[in-house]
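This is query_7.txt. It holds compact mmCIF, C-alpha atoms and all ligand atoms.
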# COMPACT_ATOMS: atom_id res chain seq x y z
CA MET A 192 1.70 13.95 6.37
CA SER A 193 2.98 10.65 5.17
CA ARG A 194 2.35 7.40 7.03
CA ARG A 195 3.59 3.87 6.83
CA ASN A 196 1.05 1.53 5.36
CA ASP A 197 0.54 -0.45 8.56
CA ALA A 198 -0.64 2.81 10.16
CA VAL A 199 -3.05 3.41 7.32
CA VAL A 200 -4.48 -0.07 7.56
CA ALA A 201 -4.70 0.27 11.33
CA ASP A 202 -6.70 3.49 10.91
CA ILE A 203 -9.05 1.78 8.52
CA ALA A 204 -9.39 -1.23 10.79
CA GLY A 205 -10.70 0.99 13.56
CA HIS A 206 -7.54 2.02 15.34
CA ALA A 207 -8.47 5.70 15.24
CA GLU A 208 -11.89 5.39 16.81
CA GLY A 209 -12.52 9.14 16.94
CA ASP A 210 -11.92 9.35 13.20
CA LEU A 211 -14.39 6.59 12.45
CA LYS A 212 -17.21 8.70 13.85
CA ARG A 213 -16.49 11.35 11.25
CA PRO A 214 -18.49 10.81 8.05
CA LEU A 215 -16.53 9.40 5.14
CA LEU A 216 -17.25 11.15 1.84
CA VAL A 217 -16.19 10.13 -1.64
CA ALA A 218 -15.64 12.97 -4.08
CA GLY A 219 -16.80 11.92 -7.53
CA ALA A 220 -19.76 9.66 -8.23
CA GLY A 221 -18.39 8.29 -11.53
CA GLY A 222 -16.56 5.03 -12.16
CA VAL A 223 -13.56 5.60 -9.89
CA GLY A 224 -15.79 7.10 -7.21
CA ARG A 225 -17.90 3.97 -7.15
CA GLU A 226 -14.73 1.86 -7.07
CA ALA A 227 -13.61 3.92 -4.08
CA LEU A 228 -16.97 3.12 -2.46
CA ASP A 229 -16.38 -0.59 -3.20
CA THR A 230 -12.95 -0.31 -1.56
CA ALA A 231 -14.44 1.38 1.52
CA LEU A 232 -17.13 -1.29 1.82
CA ALA A 233 -14.53 -4.07 1.48
CA THR A 234 -12.64 -2.58 4.42
CA GLY A 235 -15.84 -2.42 6.46
CA LEU A 236 -16.25 1.35 6.26
CA GLU A 237 -19.52 3.10 5.49
CA VAL A 238 -19.62 6.02 3.10
CA ALA A 239 -22.03 8.82 4.03
CA ALA A 240 -22.34 10.54 0.64
CA PHE A 241 -20.77 11.29 -2.71
CA LEU A 242 -19.61 14.83 -3.43
CA ASP A 243 -20.22 15.72 -7.05
CA ASP A 244 -21.36 19.03 -8.58
CA LYS A 245 -22.70 17.44 -11.75
CA ARG A 246 -24.83 14.82 -10.01
CA ALA A 247 -25.91 16.74 -6.89
CA GLY A 248 -29.47 15.80 -5.90
CA GLU A 249 -29.21 12.28 -7.34
CA THR A 250 -28.86 9.03 -5.44
CA VAL A 251 -25.97 6.80 -6.51
CA ARG A 252 -25.61 3.27 -5.14
CA GLY A 253 -28.18 4.24 -2.51
CA LEU A 254 -26.13 7.23 -1.30
CA PRO A 255 -27.00 10.91 -1.58
CA VAL A 256 -24.92 13.04 -3.92
CA ILE A 257 -24.26 16.54 -2.61
CA ARG A 258 -22.16 19.47 -3.77
CA PRO A 259 -18.61 19.56 -2.38
CA GLU A 260 -19.43 22.90 -0.74
CA GLU A 261 -22.22 21.19 1.22
CA ALA A 262 -19.90 18.57 2.72
CA PRO A 263 -20.13 18.25 6.51
CA ARG A 264 -17.14 20.15 7.90
CA GLU A 265 -16.19 17.31 10.22
CA GLY A 266 -15.99 14.90 7.28
CA ARG A 267 -13.11 12.80 5.99
CA TYR A 268 -12.79 12.50 2.24
CA LEU A 269 -11.23 10.52 -0.57
CA ILE A 270 -11.25 11.78 -4.15
CA GLY A 271 -12.46 9.06 -6.51
CA ILE A 272 -11.69 10.81 -9.80
CA ALA A 273 -8.97 9.78 -12.23
CA ASP A 274 -8.19 13.21 -13.73
CA PRO A 275 -5.29 14.66 -11.70
CA GLN A 276 -6.32 18.25 -12.45
CA ALA A 277 -9.81 17.61 -11.10
CA ARG A 278 -8.23 16.06 -8.01
CA LEU A 279 -6.11 19.17 -7.50
CA ARG A 280 -9.14 21.47 -7.74
CA LEU A 281 -11.26 19.39 -5.37
CA MET A 282 -8.44 19.04 -2.85
CA GLY A 283 -8.27 22.82 -2.65
CA VAL A 284 -12.03 23.15 -2.15
CA LEU A 285 -12.33 20.40 0.46
CA GLU A 286 -9.27 21.31 2.45
CA GLY A 287 -10.42 24.93 2.39
CA LEU A 288 -13.59 23.70 4.11
CA GLY A 289 -11.53 21.92 6.75
CA LEU A 290 -12.16 18.33 5.64
CA VAL A 291 -9.42 15.77 6.21
CA PRO A 292 -8.19 13.43 3.45
CA VAL A 293 -7.90 9.69 4.16
CA SER A 294 -6.43 6.80 2.21
CA LEU A 295 -8.19 3.55 1.43
CA VAL A 296 -6.37 0.30 0.75
CA HIS A 297 -8.46 -2.64 -0.42
CA PRO A 298 -7.96 -5.67 1.84
CA ARG A 299 -7.08 -7.72 -1.24
CA ALA A 300 -4.32 -5.38 -2.32
CA ILE A 301 -0.78 -6.26 -1.29
CA VAL A 302 1.38 -3.51 0.11
CA ALA A 303 4.88 -4.65 1.08
CA PRO A 304 6.79 -3.45 4.16
CA HIS A 305 8.58 -0.11 4.20
CA THR A 306 6.16 1.37 1.73
CA GLU A 307 4.69 4.75 2.59
CA ILE A 308 1.26 5.88 1.55
CA ALA A 309 0.44 9.55 1.98
CA GLU A 310 -3.04 10.90 2.66
CA GLY A 311 -5.85 10.74 0.12
CA CYS A 312 -4.59 7.67 -1.78
CA LEU A 313 -6.73 4.89 -3.23
CA VAL A 314 -5.29 1.38 -3.66
CA GLN A 315 -7.76 -0.97 -5.31
CA GLY A 316 -8.17 -4.73 -5.03
CA GLY A 317 -5.53 -6.85 -6.73
CA ALA A 318 -2.94 -4.07 -6.73
CA TYR A 319 0.59 -5.11 -5.74
CA ILE A 320 2.82 -2.41 -4.34
CA SER A 321 6.30 -3.64 -3.55
CA SER A 322 8.63 -2.62 -0.74
CA ASP A 323 10.24 0.78 -0.19
CA VAL A 324 7.73 2.49 -2.45
CA THR A 325 6.40 5.98 -1.75
CA LEU A 326 2.93 7.04 -2.81
CA GLY A 327 2.45 10.81 -2.77
CA SER A 328 -0.81 12.34 -1.64
CA HIS A 329 -4.00 11.71 -3.61
CA SER A 330 -2.37 9.06 -5.81
CA GLN A 331 -4.29 6.04 -7.10
CA VAL A 332 -3.18 2.51 -7.92
CA HIS A 333 -6.05 0.74 -9.65
CA TYR A 334 -6.93 -2.93 -9.71
CA ASN A 335 -4.30 -5.43 -10.81
CA ALA A 336 -1.67 -2.73 -11.27
CA THR A 337 1.84 -3.34 -9.95
CA VAL A 338 4.41 -0.91 -8.63
CA GLY A 339 7.99 -2.15 -8.23
CA HIS A 340 10.41 -1.68 -5.33
CA ASP A 341 11.90 1.75 -4.61
CA THR A 342 9.52 3.50 -6.96
CA VAL A 343 8.36 6.98 -6.03
CA LEU A 344 4.95 8.30 -7.00
CA GLY A 345 4.55 12.06 -6.63
CA GLU A 346 1.23 13.68 -5.84
CA ARG A 347 -1.94 12.85 -7.80
CA VAL A 348 -0.30 10.08 -9.81
CA THR A 349 -2.58 7.46 -11.38
CA VAL A 350 -1.70 3.91 -12.35
CA TYR A 351 -4.66 2.52 -14.27
CA PRO A 352 -5.76 -1.14 -14.14
CA GLY A 353 -3.01 -3.57 -15.00
CA GLY A 354 -0.33 -0.87 -15.31
CA ASN A 355 3.12 -2.35 -14.64
CA VAL A 356 5.55 0.12 -13.13
CA SER A 357 8.98 -1.46 -12.63
CA GLY A 358 11.41 -0.83 -9.78
CA SER A 359 13.13 2.48 -9.04
CA VAL A 360 10.83 4.49 -11.33
CA SER A 361 9.92 8.13 -10.62
CA LEU A 362 6.40 9.13 -11.56
CA HIS A 363 6.19 12.87 -11.08
CA ASP A 364 3.14 14.84 -9.91
CA GLY A 365 0.03 14.29 -11.99
CA ALA A 366 1.58 11.56 -14.17
CA THR A 367 -0.72 8.81 -15.50
CA VAL A 368 0.13 5.26 -16.52
CA GLY A 369 -2.58 3.78 -18.78
CA SER A 370 -4.09 0.32 -18.53
CA ASN A 371 -1.54 -2.44 -19.10
CA ALA A 372 1.23 0.03 -19.88
CA VAL A 373 4.74 -0.92 -18.81
CA ILE A 374 7.36 1.48 -17.45
CA LEU A 375 10.84 -0.04 -17.49
CA GLN A 376 13.04 0.13 -14.42
CA GLY A 377 14.72 3.32 -13.35
CA LEU A 378 12.84 5.63 -15.73
CA THR A 379 11.27 9.00 -14.97
CA VAL A 380 7.80 9.97 -16.14
CA GLY A 381 7.53 13.74 -16.00
CA GLU A 382 4.91 15.93 -14.37
CA GLY A 383 1.51 15.61 -16.00
CA ALA A 384 2.76 13.10 -18.59
CA PHE A 385 0.46 10.35 -19.86
CA VAL A 386 1.65 6.90 -20.90
CA GLY A 387 -1.13 5.46 -23.09
CA ALA A 388 -2.83 2.13 -22.56
CA GLY A 389 -0.60 -0.79 -23.54
CA ALA A 390 2.48 1.35 -24.15
CA VAL A 391 5.98 0.21 -23.18
CA ALA A 392 8.06 3.13 -21.95
CA THR A 393 11.73 2.38 -22.60
CA ARG A 394 12.99 5.95 -22.13
CA ASP A 395 12.17 8.82 -19.81
CA VAL A 396 8.89 10.55 -20.64
CA PRO A 397 9.10 14.36 -20.66
CA PRO A 398 6.67 16.45 -18.61
CA ARG A 399 3.17 16.71 -20.15
CA ALA A 400 4.06 14.37 -23.06
CA VAL A 401 1.51 11.78 -24.19
CA VAL A 402 3.23 8.62 -25.41
CA ILE A 403 1.82 5.45 -26.97
CA GLY A 404 3.02 2.18 -28.46
CA SER A 405 5.96 -0.13 -27.95
CA PRO A 406 8.49 1.34 -27.68
CA ALA A 407 6.49 4.35 -26.48
CA ARG A 408 6.71 7.45 -28.65
CA PRO A 409 4.87 10.80 -28.52
CA ILE A 410 1.37 10.67 -29.99
CA SER A 411 1.21 12.52 -33.31
C1 LIG B 501 -3.04 7.87 -25.01
C2 LIG B 501 -4.41 8.48 -24.86
C3 LIG B 501 -4.45 9.37 -23.60
C4 LIG B 501 -4.65 9.34 -26.09
O1 LIG B 501 -5.91 9.88 -26.05
P1 LIG B 501 -6.33 10.94 -27.20
O2 LIG B 501 -5.36 12.08 -27.20
O3 LIG B 501 -7.78 11.26 -26.96
O4 LIG B 501 -6.09 10.14 -28.53
P2 LIG B 501 -7.13 9.69 -29.66
O5 LIG B 501 -8.14 8.76 -29.10
O6 LIG B 501 -7.60 10.93 -30.36
O7 LIG B 501 -6.21 8.85 -30.64
C5 LIG B 501 -5.26 9.46 -31.51
C6 LIG B 501 -4.57 8.36 -32.29
O8 LIG B 501 -3.74 7.58 -31.41
C7 LIG B 501 -4.15 6.20 -31.38
N1 LIG B 501 -4.09 5.77 -29.99
C8 LIG B 501 -4.72 6.32 -28.92
N2 LIG B 501 -4.39 5.69 -27.79
C9 LIG B 501 -3.54 4.70 -28.15
C10 LIG B 501 -2.86 3.72 -27.41
N3 LIG B 501 -2.98 3.64 -26.08
N4 LIG B 501 -2.04 2.87 -28.08
C11 LIG B 501 -1.90 2.95 -29.43
N5 LIG B 501 -2.53 3.89 -30.18
C12 LIG B 501 -3.33 4.74 -29.55
C13 LIG B 501 -5.57 6.21 -31.92
O9 LIG B 501 -5.90 4.99 -32.50
C14 LIG B 501 -5.53 7.35 -32.89
O10 LIG B 501 -4.91 6.89 -34.07
P3 LIG B 501 -5.46 7.29 -35.53
O11 LIG B 501 -5.32 8.79 -35.58
O12 LIG B 501 -4.57 6.56 -36.46
O13 LIG B 501 -6.89 6.87 -35.56
C15 LIG B 501 -5.53 7.41 -24.69
O14 LIG B 501 -5.86 6.81 -25.92
C16 LIG B 501 -5.18 6.30 -23.71
O15 LIG B 501 -4.46 5.34 -23.97
N6 LIG B 501 -5.74 6.45 -22.51
C17 LIG B 501 -5.61 5.51 -21.42
C18 LIG B 501 -6.92 4.79 -21.26
C19 LIG B 501 -6.93 3.91 -20.06
O16 LIG B 501 -5.97 3.25 -19.71
N7 LIG B 501 -8.06 3.94 -19.37
C20 LIG B 501 -8.26 3.20 -18.16
C21 LIG B 501 -9.66 3.41 -17.71
S1 LIG B 501 -10.10 2.31 -16.43
Let's see the structure in the file written out as C-alpha cells.
Amino acid sequence: MSRRNDAVVADIAGHAEGDLKRPLLVAGAGGVGREALDTALATGLEVAAFLDDKRAGETVRGLPVIRPEEAPREGRYLIGIADPQARLRLMGVLEGLGLVPVSLVHPRAIVAPHTEIAEGCLVQGGAYISSDVTLGSHSQVHYNATVGHDTVLGERVTVYPGGNVSGSVSLHDGATVGSNAVILQGLTVGEGAFVGAGAVATRDVPPRAVVIGSPARPIS
C-alpha cells in the first residue's frame, strides 16, 4: 500500500494511536539500523528492540537485540540495512510472521507535496525529496541526498548520503546510488545496478551493472 507523505507523517505524529501501541522494531543493528533508530527518536518514537541474527543477545544503544524470528508478532518494523538483497530476505521473514512495515521520515528531511512514500521506507535528516516523486517499498534516502521531481524509485532502492538524483529518473528495484553520485535527468538505472560513490551517470545504467567515474563507466 502506498501513501501520501502527509499520511505517513501523520501516522508518525500519533495520528494512528492504535499503531503506536505496537512495538517498533528496527531490523539491523549496524550503521543504517542505528541511523534508523536516530530517525525514530527524532520523530518522538521509541524503538523496542533491534532484530539482528548476528548480534542477538547483545545490547546496542541500550536496546536488546533479538533474532528476527523472536520478534513480537504485533510489532511494526523498519529494515535499517543498506543491502537490498538482505532487505528482501528480511521482508519475507518478517511479513511471514505477520509484522507490519512502517516508514520513518526524519523531521528535518524535506518531502515536497504530491510525493508518495510506500511502506518500509527510511528518509534520513537533511534529505530533500522533490514533488511528484514515488518511493517504492523499503527504499532508503540517506542524509543530505536529493531526489528530483517526477523521479520514481522502485522497491528496495538506496540513495546513499549526498547522492544527487535529478528529475524524471527511474531507479529500478534494488538499485543503489553511492555517496555523492549524480544521476542526470531522465535516465534509468536498472534493477540491482550500483552507481559508485562520486560517479556521474550520463547514460542509462543496465541492470546489475556497477559503474564508476565521471562520466560513469562499468567497473573493470
Ligand atoms: C563502486 C563500488 C560498489 C565498487 O566496489 P568493489 O567492487 O568492491 O570495488 P573495489 O573496491 O574492489 O575497487 C575496484 C577498483 O575500482 C576503483 N573504485 C572503486 N570504487 C570507485 C569509485 N566509487 N570511484 C572511482 N573508482 C572506484 C578502486 O579504486 C579499484 O581500482 P584499482 O583496481 O585501480 O585499485 C564501491 O567502491 C562504491 O563506490 N561503493 C559506494 C560506497 C558508498 O557510497 N557508501 C556509502 C556508505 S554510507
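The nearest approach to ligand LIG 501 (chain B) among the residues A:Leu232, A:Glu249, A:Glu226, A:Glu310, with only C-alpha atoms and all ligand atoms taken into account, belongs to A:Glu226.
As for atom P2 of ligand LIG 501 (chain B) and atom CA of A:Gln331, they are spaced 23.0 Å apart.
Excluding A:Ala262 itself and same-chain residues fewer than 6 positions from it, the residues having an atom within 9 Å of it are Leu216, Ala240, Leu242, Leu285, Leu288 and Leu290 of chain A, counting only C-alpha atoms.
Closest approach to ligand LIG 501 (chain B) among A:Val256, A:Leu228, A:Val238, A:Val223 is made by A:Val223 (distances from all atoms listed in the file).
Among the candidate residues A:His333, A:Arg399, A:Arg280, A:Arg267, the one lying nearest to ligand LIG 501 (chain B) is A:His333, with distances computed using only C-alpha atoms and all ligand atoms.
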Looking at all atoms listed in the file, which of A:Leu326, A:Thr234, A:Gly365, A:Arg347 is the one that sits closest to A:Arg299?
-> A:Thr234
Neighbouring residues of ligand LIG 501 (chain B) are defined here as those with any atom at most 9 Å from a ligand atom, counting only C-alpha atoms and all ligand atoms; list them as a PDB file with C-alpha atoms, in the coordinates of the input.
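File produced: part38.pdb:
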ATOM      1  CA  GLY A 222     -16.560   5.030 -12.160  1.00  0.00           C
ATOM      2  CA  VAL A 223     -13.560   5.600  -9.890  1.00  0.00           C
ATOM      3  CA  ALA A 273      -8.970   9.780 -12.230  1.00  0.00           C
ATOM      4  CA  HIS A 333      -6.050   0.740  -9.650  1.00  0.00           C
ATOM      5  CA  VAL A 350      -1.700   3.910 -12.350  1.00  0.00           C
ATOM      6  CA  TYR A 351      -4.660   2.520 -14.270  1.00  0.00           C
ATOM      7  CA  PRO A 352      -5.760  -1.140 -14.140  1.00  0.00           C
ATOM      8  CA  GLY A 353      -3.010  -3.570 -15.000  1.00  0.00           C
ATOM      9  CA  GLY A 354      -0.330  -0.870 -15.310  1.00  0.00           C
ATOM     10  CA  THR A 367      -0.720   8.810 -15.500  1.00  0.00           C
ATOM     11  CA  VAL A 368       0.130   5.260 -16.520  1.00  0.00           C
ATOM     12  CA  GLY A 369      -2.580   3.780 -18.780  1.00  0.00           C
ATOM     13  CA  SER A 370      -4.090   0.320 -18.530  1.00  0.00           C
ATOM     14  CA  ASN A 371      -1.540  -2.440 -19.100  1.00  0.00           C
ATOM     15  CA  ALA A 372       1.230   0.030 -19.880  1.00  0.00           C
ATOM     16  CA  PHE A 385       0.460  10.350 -19.860  1.00  0.00           C
ATOM     17  CA  VAL A 386       1.650   6.900 -20.900  1.00  0.00           C
ATOM     18  CA  GLY A 387      -1.130   5.460 -23.090  1.00  0.00           C
ATOM     19  CA  ALA A 388      -2.830   2.130 -22.560  1.00  0.00           C
ATOM     20  CA  GLY A 389      -0.600  -0.790 -23.540  1.00  0.00           C
ATOM     21  CA  ALA A 390       2.480   1.350 -24.150  1.00  0.00           C
ATOM     22  CA  VAL A 401       1.510  11.780 -24.190  1.00  0.00           C
ATOM     23  CA  VAL A 402       3.230   8.620 -25.410  1.00  0.00           C
ATOM     24  CA  ILE A 403       1.820   5.450 -26.970  1.00  0.00           C
ATOM     25  CA  GLY A 404       3.020   2.180 -28.460  1.00  0.00           C
ATOM     26  CA  SER A 405       5.960  -0.130 -27.950  1.00  0.00           C
ATOM     27  CA  ALA A 407       6.490   4.350 -26.480  1.00  0.00           C
ATOM     28  CA  ILE A 410       1.370  10.670 -29.990  1.00  0.00           C
ATOM     29  CA  SER A 411       1.210  12.520 -33.310  1.00  0.00           C
TER      30      SER A 411
END
Which of these, A:Leu279, A:Leu295, A:Ile257, A:Ala239, has the shortest distance to A:Asp364 once you count only C-alpha atoms?
-> A:Leu279
Near A:Val360, within 10 Å and counting all atoms listed in the file, which residues show up once chain neighbours fewer than 3 positions away are dropped, as an NGL selection string?
-> :A and (324 or 338-344 or 356-357 or 363 or 374-380 or 395)
